[in-house]
>>> print(open('work30.txt').read())   # compact mmCIF, C-alpha atoms and all ligand atoms
# COMPACT_ATOMS: atom_id res chain seq x y z
CA MET A 14 44.96 12.42 -237.27
CA PRO A 15 42.02 13.02 -234.88
CA ILE A 16 42.98 14.41 -231.48
CA ALA A 17 42.20 12.00 -228.60
CA SER A 18 39.30 13.15 -226.44
CA LYS A 19 39.28 12.96 -222.68
CA GLN A 20 36.01 12.75 -220.78
CA GLY A 21 35.04 13.52 -217.23
CA GLY A 22 35.62 16.30 -214.76
CA ARG A 23 36.73 16.96 -211.22
CA THR A 24 36.18 19.44 -208.48
CA VAL A 25 38.76 21.76 -207.02
CA SER A 26 38.99 19.44 -204.03
CA GLY A 27 39.90 16.55 -206.32
CA LYS A 28 36.61 14.63 -206.07
CA TYR A 29 35.03 13.58 -209.34
CA SER A 30 31.94 15.55 -210.14
CA GLU A 31 29.18 15.83 -212.71
CA GLU A 32 28.79 18.55 -215.31
CA SER A 33 25.55 19.60 -213.59
CA ASP A 34 27.48 20.39 -210.38
CA PHE A 35 29.71 22.82 -212.27
CA MET A 36 26.70 24.37 -214.00
CA ALA A 37 25.07 24.96 -210.61
CA ALA A 38 28.29 26.53 -209.25
CA ARG A 39 28.46 28.86 -212.30
CA GLN A 40 24.83 29.88 -211.98
CA LEU A 41 25.20 30.65 -208.29
CA ASN A 42 28.36 32.68 -208.90
CA ARG A 43 26.57 34.66 -211.64
CA GLN A 44 23.66 35.43 -209.29
CA ILE A 45 25.99 36.56 -206.50
CA ASN A 46 27.92 38.68 -209.01
CA GLU A 47 24.71 40.36 -210.26
CA LEU A 48 23.60 41.09 -206.72
CA GLU A 49 26.97 42.56 -205.78
CA SER A 50 27.06 44.71 -208.95
CA ARG A 51 23.52 45.99 -208.39
CA ASN A 52 24.47 47.02 -204.86
CA ASN A 53 27.74 48.63 -206.03
CA GLN A 54 29.71 46.55 -203.57
CA THR A 55 33.39 47.46 -203.56
CA ILE A 56 34.48 44.22 -201.94
CA VAL A 57 32.91 41.20 -203.60
CA SER A 58 32.81 37.51 -202.87
CA SER A 59 31.88 36.37 -206.39
CA ARG A 60 34.51 35.21 -208.87
CA PRO A 61 35.00 36.88 -212.29
CA LEU A 62 32.54 35.84 -215.01
CA HIS A 63 35.11 35.85 -217.82
CA LEU A 64 38.80 35.03 -217.87
CA GLY A 65 41.12 36.01 -220.76
CA LEU A 66 43.94 33.57 -221.46
CA ASP A 67 46.94 34.87 -223.44
CA ILE A 68 48.93 31.73 -224.09
CA SER A 69 50.74 32.69 -227.28
CA SER A 70 52.96 35.54 -228.45
CA ALA A 71 53.25 34.17 -231.98
CA CYS A 72 51.05 34.60 -235.04
CA ASN A 73 50.98 32.92 -238.43
CA ALA A 74 49.82 36.07 -240.26
CA ARG A 75 51.21 39.54 -240.84
CA CYS A 76 48.19 41.79 -241.15
CA ILE A 77 49.03 45.20 -242.57
CA PHE A 78 47.32 47.00 -239.66
CA CYS A 79 48.46 44.73 -236.79
CA LEU A 80 48.74 46.75 -233.59
CA ALA A 81 50.49 43.95 -231.75
CA GLU A 82 53.60 43.91 -233.92
CA LYS A 83 55.87 45.04 -231.08
CA GLY A 84 55.29 42.13 -228.71
CA ARG A 85 55.22 39.44 -231.36
CA ARG A 86 57.66 36.54 -231.09
CA ALA A 87 58.73 33.85 -233.51
CA GLY A 88 57.08 30.46 -233.02
CA SER A 89 60.58 29.00 -232.55
CA ASP A 90 61.26 31.31 -229.57
CA LYS A 91 61.22 29.21 -226.41
CA ASP A 92 59.25 31.91 -224.56
CA ALA A 93 56.62 32.33 -227.27
CA PHE A 94 54.07 30.06 -225.57
CA CYS A 95 52.78 29.48 -222.04
CA PRO A 96 52.99 25.89 -220.80
CA PRO A 97 49.67 24.23 -219.80
CA GLU A 98 50.74 24.25 -216.12
CA TRP A 99 50.36 28.04 -216.22
CA LEU A 100 46.59 27.48 -216.18
CA ASP A 101 46.85 25.69 -212.81
CA HIS A 102 47.28 29.12 -211.17
CA TYR A 103 43.64 29.76 -212.05
CA SER A 104 42.21 26.40 -211.01
CA GLY A 105 40.32 28.12 -208.16
CA LEU A 106 38.41 30.22 -210.74
CA LEU A 107 37.78 27.65 -213.47
CA PRO A 108 34.77 25.98 -211.80
CA PHE A 109 32.99 29.36 -211.58
CA ILE A 110 33.76 31.46 -214.66
CA ASN A 111 31.21 31.46 -217.48
CA LEU A 112 33.74 31.75 -220.26
CA ALA A 113 37.49 31.33 -220.72
CA ILE A 114 38.62 33.42 -223.69
CA PHE A 115 41.73 32.53 -225.70
CA SER A 116 42.79 35.84 -227.16
CA SER A 117 45.93 37.69 -228.22
CA TYR A 118 48.01 36.59 -231.21
CA GLU A 119 47.21 33.00 -232.19
CA ALA A 120 46.46 30.78 -229.20
CA LEU A 121 46.04 27.82 -231.56
CA LEU A 122 49.75 27.94 -232.42
CA ASN A 123 50.60 26.92 -228.88
CA PRO A 124 51.79 23.31 -229.41
CA ASP A 125 50.10 22.34 -226.12
CA PHE A 126 46.74 23.89 -227.00
CA PRO A 127 44.82 20.55 -226.66
CA GLN A 128 46.20 20.22 -223.12
CA PHE A 129 44.77 23.63 -222.24
CA VAL A 130 41.42 22.37 -223.52
CA ASP A 131 41.80 19.23 -221.39
CA LYS A 132 42.48 21.30 -218.31
CA LEU A 133 39.37 23.43 -218.89
CA ARG A 134 37.36 20.27 -219.48
CA GLU A 135 38.18 19.02 -216.01
CA TYR A 136 35.86 21.77 -214.77
CA TYR A 137 33.52 21.81 -217.80
CA THR A 138 34.57 25.42 -218.34
CA PRO A 139 33.10 26.80 -221.60
CA PHE A 140 35.60 28.60 -223.80
CA GLN A 141 35.86 30.96 -226.76
CA ILE A 142 38.68 31.47 -229.25
CA PHE A 143 39.84 34.56 -231.13
CA THR A 144 41.68 33.42 -234.24
CA ASN A 145 42.49 34.19 -237.86
CA GLY A 146 41.25 30.67 -238.71
CA LYS A 147 44.34 29.24 -240.39
CA ALA A 148 45.27 26.87 -237.57
CA LEU A 149 41.67 25.89 -236.83
CA THR A 150 41.83 22.65 -238.85
CA PRO A 151 38.81 20.30 -238.95
CA ASP A 152 40.48 17.89 -236.48
CA LEU A 153 41.22 20.63 -233.98
CA ALA A 154 37.76 22.17 -234.47
CA GLU A 155 36.13 18.80 -233.75
CA TYR A 156 38.21 18.32 -230.62
CA CYS A 157 37.38 21.81 -229.34
CA LEU A 158 33.67 21.46 -230.06
CA GLN A 159 33.58 18.14 -228.21
CA ASN A 160 35.24 19.70 -225.20
CA GLY A 161 33.43 22.93 -224.45
CA MET A 162 34.13 25.44 -227.23
CA GLN A 163 31.09 27.74 -227.35
CA SER A 164 32.12 30.38 -229.85
CA VAL A 165 34.80 31.60 -232.24
CA TYR A 166 35.58 35.15 -233.32
CA CYS A 167 37.49 34.96 -236.57
CA SER A 168 39.28 37.90 -238.18
CA PHE A 169 38.22 37.89 -241.81
CA HIS A 170 39.02 41.20 -243.40
CA SER A 171 37.47 40.86 -246.84
CA PRO A 172 35.10 38.59 -248.80
CA ASP A 173 37.30 39.16 -251.86
CA PRO A 174 40.25 36.69 -251.96
CA LYS A 175 42.72 39.17 -253.45
CA THR A 176 41.86 41.92 -250.98
CA TYR A 177 41.84 39.44 -248.10
CA GLU A 178 45.29 38.11 -248.93
CA GLY A 179 46.58 41.66 -249.45
CA ILE A 180 45.47 42.61 -245.91
CA MET A 181 46.10 39.34 -244.05
CA ARG A 182 49.53 38.55 -245.39
CA GLY A 183 50.64 34.96 -245.02
CA LEU A 184 47.10 33.52 -245.08
CA ARG A 185 45.29 31.82 -247.94
CA PHE A 186 41.64 32.80 -248.41
CA ASP A 187 40.53 29.33 -249.62
CA GLU A 188 42.27 27.49 -246.80
CA VAL A 189 40.72 29.63 -244.06
CA LEU A 190 37.27 29.58 -245.66
CA SER A 191 37.42 25.79 -245.87
CA ASN A 192 38.36 25.58 -242.16
CA LEU A 193 35.41 27.82 -241.26
CA MET A 194 32.97 25.82 -243.37
CA HIS A 195 34.10 22.59 -241.70
CA LEU A 196 33.75 24.29 -238.33
CA LYS A 197 30.15 25.29 -239.03
CA LEU A 198 29.22 21.84 -240.34
CA LEU A 199 30.81 20.10 -237.35
CA SER A 200 29.12 22.46 -234.89
CA ARG A 201 25.68 21.50 -236.23
CA LYS A 202 26.35 17.92 -235.20
CA ILE A 203 28.29 18.50 -231.98
CA ASN A 204 27.05 21.76 -230.46
CA PRO A 205 24.14 23.51 -232.24
CA ASP A 206 24.44 26.44 -229.78
CA PHE A 207 27.94 27.22 -231.04
CA SER A 208 28.36 30.62 -232.70
CA LEU A 209 30.89 31.81 -235.27
CA THR A 210 31.39 35.56 -235.69
CA LEU A 211 33.51 37.07 -238.45
CA VAL A 212 35.15 40.36 -237.58
CA PHE A 213 36.88 42.89 -239.81
CA CYS A 214 38.60 46.25 -239.61
CA ALA A 215 37.01 48.67 -242.02
CA MET A 216 39.54 50.36 -244.29
CA ARG A 217 39.43 51.90 -247.75
CA ARG A 218 40.53 48.78 -249.51
CA ASN A 219 37.78 46.53 -248.06
CA ILE A 220 34.76 48.84 -247.97
CA THR A 221 35.00 50.75 -251.24
S1 LIG B 301 45.89 37.87 -236.99
FE1 LIG B 301 45.83 39.41 -235.36
S2 LIG B 301 47.79 39.18 -234.24
FE2 LIG B 301 47.99 38.11 -236.22
S3 LIG B 301 48.94 39.62 -237.57
FE3 LIG B 301 46.71 39.75 -237.85
S4 LIG B 301 46.05 41.37 -236.44
FE4 LIG B 301 48.12 40.75 -235.81
>>> encode(input="work30.txt", output="structure tokens")
Amino acid sequence: MPIASKQGGRTVSGKYSEESDFMAARQLNRQINELESRNNQTIVSSRPLHLGLDISSACNARCIFCLAEKGRRAGSDKDAFCPPEWLDHYSGLLPFINLAIFSSYEALLNPDFPQFVDKLREYYTPFQIFTNGKALTPDLAEYCLQNGMQSVYCSFHSPDPKTYEGIMRGLRFDEVLSNLMHLKLLSRKINPDFSLTLVFCAMRRNIT
């Protein structure tokens, strides 16, 4: 079922504002940041340009090389996911950052992920997702593209299905490839500037 889209934005002070106002705030912050960096200022007045959001400690894969095995939690663990209200702590930064980055484990497994997107949309904050692609269904991809998703980095550790499934245990090559193809097709219609990057860890079994 398609995910309902919410339009419109607001300022930190609560007044409704246009997307162009947020773009101007971002541009100004970037210029101040560049100036402060060039002058090696130790105390700065600009806000960060990027903000990483770790909202999940669960993953739906078991890659053979995963370095994050220790901190992983089961999806059924009540502490496995951050609630959307957690993002309110950063509401003072969201109008200014250039990119919010959902990283670490699988952010898309957070059952409240669309609400995180809604919260970012209030400030027209662009965002990026790191994922293994399994949970990035066409409905969710469409919703994200309509609400500020600028790019996706997808772990894809082999073009050969057997090798892929041997490395990324728990995932199905055809299912993930289909999700990524839908994502690319949807992005052409919704956001032609969107970029999809496939990343892989080189190891004997996928480069020889
Ligand atoms: S997708 Fe990432 S977090 Fe999940 S098992 Fe693979 S390497 Fe680990």
>>> closest_residue(input="work30.txt", among="A:Cys76, A:Val212, A:Leu190, A:Ile114", to="ligand LIG 301 (chain B)", atoms="only C-alpha atoms and all ligand atoms")
A:Cys76
>>> closest_residue(input="work30.txt", among="A:Ala93, A:Met36, A:Ala74, A:Ile180", to="ligand LIG 301 (chain B)", atoms="only C-alpha atoms and all ligand atoms")
A:Ala74
>>> closest_residue(input="work30.txt", among="A:Tyr118, A:Tyr177, A:Phe143, A:Tyr136", to="ligand LIG 301 (chain B)", atoms="only C-alpha atoms and all ligand atoms")
A:Tyr118
>>> residues_near_ligand(input="work30.txt", ligand="ligand LIG 301 (chain B)", cutoff="12 Å", atoms="only C-alpha atoms and all ligand atoms", output="VMD selection string")
chain A and resid 67 69 to 87 116 to 122 143 to 148 166 to 170 177 to 184 212 to 214
>>> write_last_selection(input="work30.txt", atoms="C-alpha atoms", output="PDB file, keeping the file's coordinate frame")
ATOM      1  CA  ASP A  67      46.940  34.870-223.440  1.00  0.00           C
ATOM      2  CA  SER A  69      50.740  32.690-227.280  1.00  0.00           C
ATOM      3  CA  SER A  70      52.960  35.540-228.450  1.00  0.00           C
ATOM      4  CA  ALA A  71      53.250  34.170-231.980  1.00  0.00           C
ATOM      5  CA  CYS A  72      51.050  34.600-235.040  1.00  0.00           C
ATOM      6  CA  ASN A  73      50.980  32.920-238.430  1.00  0.00           C
ATOM      7  CA  ALA A  74      49.820  36.070-240.260  1.00  0.00           C
ATOM      8  CA  ARG A  75      51.210  39.540-240.840  1.00  0.00           C
ATOM      9  CA  CYS A  76      48.190  41.790-241.150  1.00  0.00           C
ATOM     10  CA  ILE A  77      49.030  45.200-242.570  1.00  0.00           C
ATOM     11  CA  PHE A  78      47.320  47.000-239.660  1.00  0.00           C
ATOM     12  CA  CYS A  79      48.460  44.730-236.790  1.00  0.00           C
ATOM     13  CA  LEU A  80      48.740  46.750-233.590  1.00  0.00           C
ATOM     14  CA  ALA A  81      50.490  43.950-231.750  1.00  0.00           C
ATOM     15  CA  GLU A  82      53.600  43.910-233.920  1.00  0.00           C
ATOM     16  CA  LYS A  83      55.870  45.040-231.080  1.00  0.00           C
ATOM     17  CA  GLY A  84      55.290  42.130-228.710  1.00  0.00           C
ATOM     18  CA  ARG A  85      55.220  39.440-231.360  1.00  0.00           C
ATOM     19  CA  ARG A  86      57.660  36.540-231.090  1.00  0.00           C
ATOM     20  CA  ALA A  87      58.730  33.850-233.510  1.00  0.00           C
ATOM     21  CA  SER A 116      42.790  35.840-227.160  1.00  0.00           C
ATOM     22  CA  SER A 117      45.930  37.690-228.220  1.00  0.00           C
ATOM     23  CA  TYR A 118      48.010  36.590-231.210  1.00  0.00           C
ATOM     24  CA  GLU A 119      47.210  33.000-232.190  1.00  0.00           C
ATOM     25  CA  ALA A 120      46.460  30.780-229.200  1.00  0.00           C
ATOM     26  CA  LEU A 121      46.040  27.820-231.560  1.00  0.00           C
ATOM     27  CA  LEU A 122      49.750  27.940-232.420  1.00  0.00           C
ATOM     28  CA  PHE A 143      39.840  34.560-231.130  1.00  0.00           C
ATOM     29  CA  THR A 144      41.680  33.420-234.240  1.00  0.00           C
ATOM     30  CA  ASN A 145      42.490  34.190-237.860  1.00  0.00           C
ATOM     31  CA  GLY A 146      41.250  30.670-238.710  1.00  0.00           C
ATOM     32  CA  LYS A 147      44.340  29.240-240.390  1.00  0.00           C
ATOM     33  CA  ALA A 148      45.270  26.870-237.570  1.00  0.00           C
ATOM     34  CA  TYR A 166      35.580  35.150-233.320  1.00  0.00           C
ATOM     35  CA  CYS A 167      37.490  34.960-236.570  1.00  0.00           C
ATOM     36  CA  SER A 168      39.280  37.900-238.180  1.00  0.00           C
ATOM     37  CA  PHE A 169      38.220  37.890-241.810  1.00  0.00           C
ATOM     38  CA  HIS A 170      39.020  41.200-243.400  1.00  0.00           C
ATOM     39  CA  TYR A 177      41.840  39.440-248.100  1.00  0.00           C
ATOM     40  CA  GLU A 178      45.290  38.110-248.930  1.00  0.00           C
ATOM     41  CA  GLY A 179      46.580  41.660-249.450  1.00  0.00           C
ATOM     42  CA  ILE A 180      45.470  42.610-245.910  1.00  0.00           C
ATOM     43  CA  MET A 181      46.100  39.340-244.050  1.00  0.00           C
ATOM     44  CA  ARG A 182      49.530  38.550-245.390  1.00  0.00           C
ATOM     45  CA  GLY A 183      50.640  34.960-245.020  1.00  0.00           C
ATOM     46  CA  LEU A 184      47.100  33.520-245.080  1.00  0.00           C
ATOM     47  CA  VAL A 212      35.150  40.360-237.580  1.00  0.00           C
ATOM     48  CA  PHE A 213      36.880  42.890-239.810  1.00  0.00           C
ATOM     49  CA  CYS A 214      38.600  46.250-239.610  1.00  0.00           C
TER      50      CYS A 214
END
>>> residues_around(input="work30.txt", residues="Gln159 of chain A", least_positions_apart="2", cutoff="8 Å", atoms="only C-alpha atoms", output="list in words")
Ser18, Glu155, Tyr156, Cys157, Gly161, Met162, Ile203 and Asn204 of chain A
>>> residues_around(input="work30.txt", residues="Asp187 of chain A", least_positions_apart="4", cutoff="9 Å", atoms="only C-alpha atoms", output="mmCIF file with C-alpha atoms, keeping the file's coordinate frame")
data_model
loop_
_atom_site.group_PDB
_atom_site.id
_atom_site.type_symbol
_atom_site.label_atom_id
_atom_site.label_comp_id
_atom_site.auth_asym_id
_atom_site.auth_seq_id
_atom_site.Cartn_x
_atom_site.Cartn_y
_atom_site.Cartn_z
ATOM 1 C CA PRO A 174 40.250 36.690 -251.960
ATOM 2 C CA SER A 191 37.420 25.790 -245.870
ATOM 3 C CA ASN A 192 38.360 25.580 -242.160
#
>>> residues_near_point(input="work30.txt", point="(50.4, 23.5, -216.9)", cutoff="10 Å", atoms="only C-alpha atoms", output="PyMOL selection string")
chain A and resi 95-102+125+128-129+132
>>> residues_around(input="work30.txt", residues="segment 37-45 of chain A", least_positions_apart="5", cutoff="12 Å", atoms="all atoms listed in the file", output="MDAnalysis selection string")
chainID A and resid 24:25 30:32 50:52 54 57:63 106:112 136:139
>>> atom_distance(input="work30.txt", atom1="atom CA of Ile68 of chain A", atom2="atom CA of Asn123 of chain A")
7.0 Å
>>> decode(input="work30.txt", residues="segment 147-182 of chain A", atoms="N, CA and C atoms", output="PDB file, in the first residue's frame")
ATOM      1  N   LYS A 147      17.338  -4.448   0.755  1.00  0.00           N
ATOM      2  CA  LYS A 147      16.220  -5.401   0.895  1.00  0.00           C
ATOM      3  C   LYS A 147      14.918  -4.711   1.314  1.00  0.00           C
ATOM      4  N   ALA A 148      15.043  -3.785   2.274  1.00  0.00           N
ATOM      5  CA  ALA A 148      13.825  -3.137   2.792  1.00  0.00           C
ATOM      6  C   ALA A 148      13.411  -1.912   1.968  1.00  0.00           C
ATOM      7  N   LEU A 149      14.186  -1.595   0.940  1.00  0.00           N
ATOM      8  CA  LEU A 149      13.865  -0.408   0.136  1.00  0.00           C
ATOM      9  C   LEU A 149      12.869  -0.798  -0.965  1.00  0.00           C
ATOM     10  N   THR A 150      11.649  -1.096  -0.555  1.00  0.00           N
ATOM     11  CA  THR A 150      10.600  -1.540  -1.481  1.00  0.00           C
ATOM     12  C   THR A 150      10.196  -0.374  -2.389  1.00  0.00           C
ATOM     13  N   PRO A 151       9.540  -0.656  -3.523  1.00  0.00           N
ATOM     14  CA  PRO A 151       9.117   0.440  -4.406  1.00  0.00           C
ATOM     15  C   PRO A 151       8.238   1.480  -3.697  1.00  0.00           C
ATOM     16  N   ASP A 152       7.323   1.047  -2.819  1.00  0.00           N
ATOM     17  CA  ASP A 152       6.478   2.031  -2.114  1.00  0.00           C
ATOM     18  C   ASP A 152       7.308   2.948  -1.229  1.00  0.00           C
ATOM     19  N   LEU A 153       8.236   2.349  -0.483  1.00  0.00           N
ATOM     20  CA  LEU A 153       9.057   3.173   0.412  1.00  0.00           C
ATOM     21  C   LEU A 153       9.996   4.071  -0.402  1.00  0.00           C
ATOM     22  N   ALA A 154      10.533   3.534  -1.495  1.00  0.00           N
ATOM     23  CA  ALA A 154      11.424   4.339  -2.354  1.00  0.00           C
ATOM     24  C   ALA A 154      10.672   5.555  -2.901  1.00  0.00           C
ATOM     25  N   GLU A 155       9.432   5.336  -3.336  1.00  0.00           N
ATOM     26  CA  GLU A 155       8.637   6.439  -3.887  1.00  0.00           C
ATOM     27  C   GLU A 155       8.392   7.505  -2.816  1.00  0.00           C
ATOM     28  N   TYR A 156       8.048   7.049  -1.626  1.00  0.00           N
ATOM     29  CA  TYR A 156       7.784   7.982  -0.536  1.00  0.00           C
ATOM     30  C   TYR A 156       9.038   8.808  -0.207  1.00  0.00           C
ATOM     31  N   CYS A 157      10.175   8.133  -0.146  1.00  0.00           N
ATOM     32  CA  CYS A 157      11.423   8.828   0.188  1.00  0.00           C
ATOM     33  C   CYS A 157      11.799   9.818  -0.913  1.00  0.00           C
ATOM     34  N   LEU A 158      11.671   9.407  -2.159  1.00  0.00           N
ATOM     35  CA  LEU A 158      12.024  10.297  -3.268  1.00  0.00           C
ATOM     36  C   LEU A 158      11.122  11.536  -3.291  1.00  0.00           C
ATOM     37  N   GLN A 159       9.874  11.348  -2.919  1.00  0.00           N
ATOM     38  CA  GLN A 159       8.942  12.488  -2.918  1.00  0.00           C
ATOM     39  C   GLN A 159       9.213  13.441  -1.766  1.00  0.00           C
ATOM     40  N   ASN A 160      10.001  12.980  -0.791  1.00  0.00           N
ATOM     41  CA  ASN A 160      10.164  13.776   0.423  1.00  0.00           C
ATOM     42  C   ASN A 160      11.616  14.089   0.769  1.00  0.00           C
ATOM     43  N   GLY A 161      12.450  14.210  -0.243  1.00  0.00           N
ATOM     44  CA  GLY A 161      13.790  14.755   0.003  1.00  0.00           C
ATOM     45  C   GLY A 161      14.960  13.798  -0.082  1.00  0.00           C
ATOM     46  N   MET A 162      14.729  12.525  -0.441  1.00  0.00           N
ATOM     47  CA  MET A 162      15.877  11.616  -0.542  1.00  0.00           C
ATOM     48  C   MET A 162      16.713  11.997  -1.775  1.00  0.00           C
ATOM     49  N   GLN A 163      17.996  12.278  -1.534  1.00  0.00           N
ATOM     50  CA  GLN A 163      18.886  12.725  -2.609  1.00  0.00           C
ATOM     51  C   GLN A 163      19.778  11.618  -3.142  1.00  0.00           C
ATOM     52  N   SER A 164      20.093  10.652  -2.281  1.00  0.00           N
ATOM     53  CA  SER A 164      21.035   9.615  -2.713  1.00  0.00           C
ATOM     54  C   SER A 164      20.916   8.376  -1.830  1.00  0.00           C
ATOM     55  N   VAL A 165      21.348   7.260  -2.414  1.00  0.00           N
ATOM     56  CA  VAL A 165      21.394   5.984  -1.685  1.00  0.00           C
ATOM     57  C   VAL A 165      22.747   5.342  -1.951  1.00  0.00           C
ATOM     58  N   TYR A 166      23.379   4.853  -0.883  1.00  0.00           N
ATOM     59  CA  TYR A 166      24.559   4.007  -1.012  1.00  0.00           C
ATOM     60  C   TYR A 166      24.104   2.600  -0.651  1.00  0.00           C
ATOM     61  N   CYS A 167      24.194   1.700  -1.603  1.00  0.00           N
ATOM     62  CA  CYS A 167      23.709   0.344  -1.355  1.00  0.00           C
ATOM     63  C   CYS A 167      24.868  -0.654  -1.384  1.00  0.00           C
ATOM     64  N   SER A 168      24.984  -1.436  -0.307  1.00  0.00           N
ATOM     65  CA  SER A 168      25.996  -2.497  -0.278  1.00  0.00           C
ATOM     66  C   SER A 168      25.561  -3.583  -1.252  1.00  0.00           C
ATOM     67  N   PHE A 169      26.434  -3.895  -2.175  1.00  0.00           N
ATOM     68  CA  PHE A 169      26.086  -4.910  -3.190  1.00  0.00           C
ATOM     69  C   PHE A 169      27.397  -5.612  -3.521  1.00  0.00           C
ATOM     70  N   HIS A 170      27.616  -6.745  -2.867  1.00  0.00           N
ATOM     71  CA  HIS A 170      28.982  -7.270  -2.826  1.00  0.00           C
ATOM     72  C   HIS A 170      29.374  -8.228  -3.938  1.00  0.00           C
ATOM     73  N   SER A 171      28.479  -8.426  -4.900  1.00  0.00           N
ATOM     74  CA  SER A 171      28.887  -9.197  -6.088  1.00  0.00           C
ATOM     75  C   SER A 171      27.811  -9.118  -7.167  1.00  0.00           C
ATOM     76  N   PRO A 172      28.217  -9.067  -8.445  1.00  0.00           N
ATOM     77  CA  PRO A 172      27.226  -9.112  -9.528  1.00  0.00           C
ATOM     78  C   PRO A 172      26.779 -10.545  -9.817  1.00  0.00           C
ATOM     79  N   ASP A 173      27.418 -11.515  -9.176  1.00  0.00           N
ATOM     80  CA  ASP A 173      27.046 -12.915  -9.391  1.00  0.00           C
ATOM     81  C   ASP A 173      26.110 -13.358  -8.248  1.00  0.00           C
ATOM     82  N   PRO A 174      24.880 -13.807  -8.593  1.00  0.00           N
ATOM     83  CA  PRO A 174      23.894 -14.115  -7.547  1.00  0.00           C
ATOM     84  C   PRO A 174      24.413 -15.080  -6.476  1.00  0.00           C
ATOM     85  N   LYS A 175      25.116 -16.135  -6.910  1.00  0.00           N
ATOM     86  CA  LYS A 175      25.562 -17.136  -5.939  1.00  0.00           C
ATOM     87  C   LYS A 175      26.599 -16.539  -4.975  1.00  0.00           C
ATOM     88  N   THR A 176      27.535 -15.795  -5.551  1.00  0.00           N
ATOM     89  CA  THR A 176      28.560 -15.160  -4.712  1.00  0.00           C
ATOM     90  C   THR A 176      27.924 -14.134  -3.784  1.00  0.00           C
ATOM     91  N   TYR A 177      27.027 -13.344  -4.355  1.00  0.00           N
ATOM     92  CA  TYR A 177      26.317 -12.317  -3.566  1.00  0.00           C
ATOM     93  C   TYR A 177      25.634 -12.951  -2.353  1.00  0.00           C
ATOM     94  N   GLU A 178      24.858 -13.995  -2.612  1.00  0.00           N
ATOM     95  CA  GLU A 178      24.095 -14.605  -1.517  1.00  0.00           C
ATOM     96  C   GLU A 178      24.993 -15.364  -0.544  1.00  0.00           C
ATOM     97  N   GLY A 179      26.179 -15.747  -1.011  1.00  0.00           N
ATOM     98  CA  GLY A 179      27.149 -16.388  -0.114  1.00  0.00           C
ATOM     99  C   GLY A 179      27.796 -15.377   0.822  1.00  0.00           C
ATOM    100  N   ILE A 180      27.919 -14.127   0.359  1.00  0.00           N
ATOM    101  CA  ILE A 180      28.534 -13.067   1.184  1.00  0.00           C
ATOM    102  C   ILE A 180      27.475 -12.391   2.053  1.00  0.00           C
ATOM    103  N   MET A 181      26.361 -12.013   1.403  1.00  0.00           N
ATOM    104  CA  MET A 181      25.313 -11.258   2.124  1.00  0.00           C
ATOM    105  C   MET A 181      24.222 -12.242   2.536  1.00  0.00           C
ATOM    106  N   ARG A 182      24.516 -12.998   3.571  1.00  0.00           N
ATOM    107  CA  ARG A 182      23.587 -14.056   3.973  1.00  0.00           C
ATOM    108  C   ARG A 182      22.249 -13.481   4.447  1.00  0.00           C
TER     109      ARG A 182
END
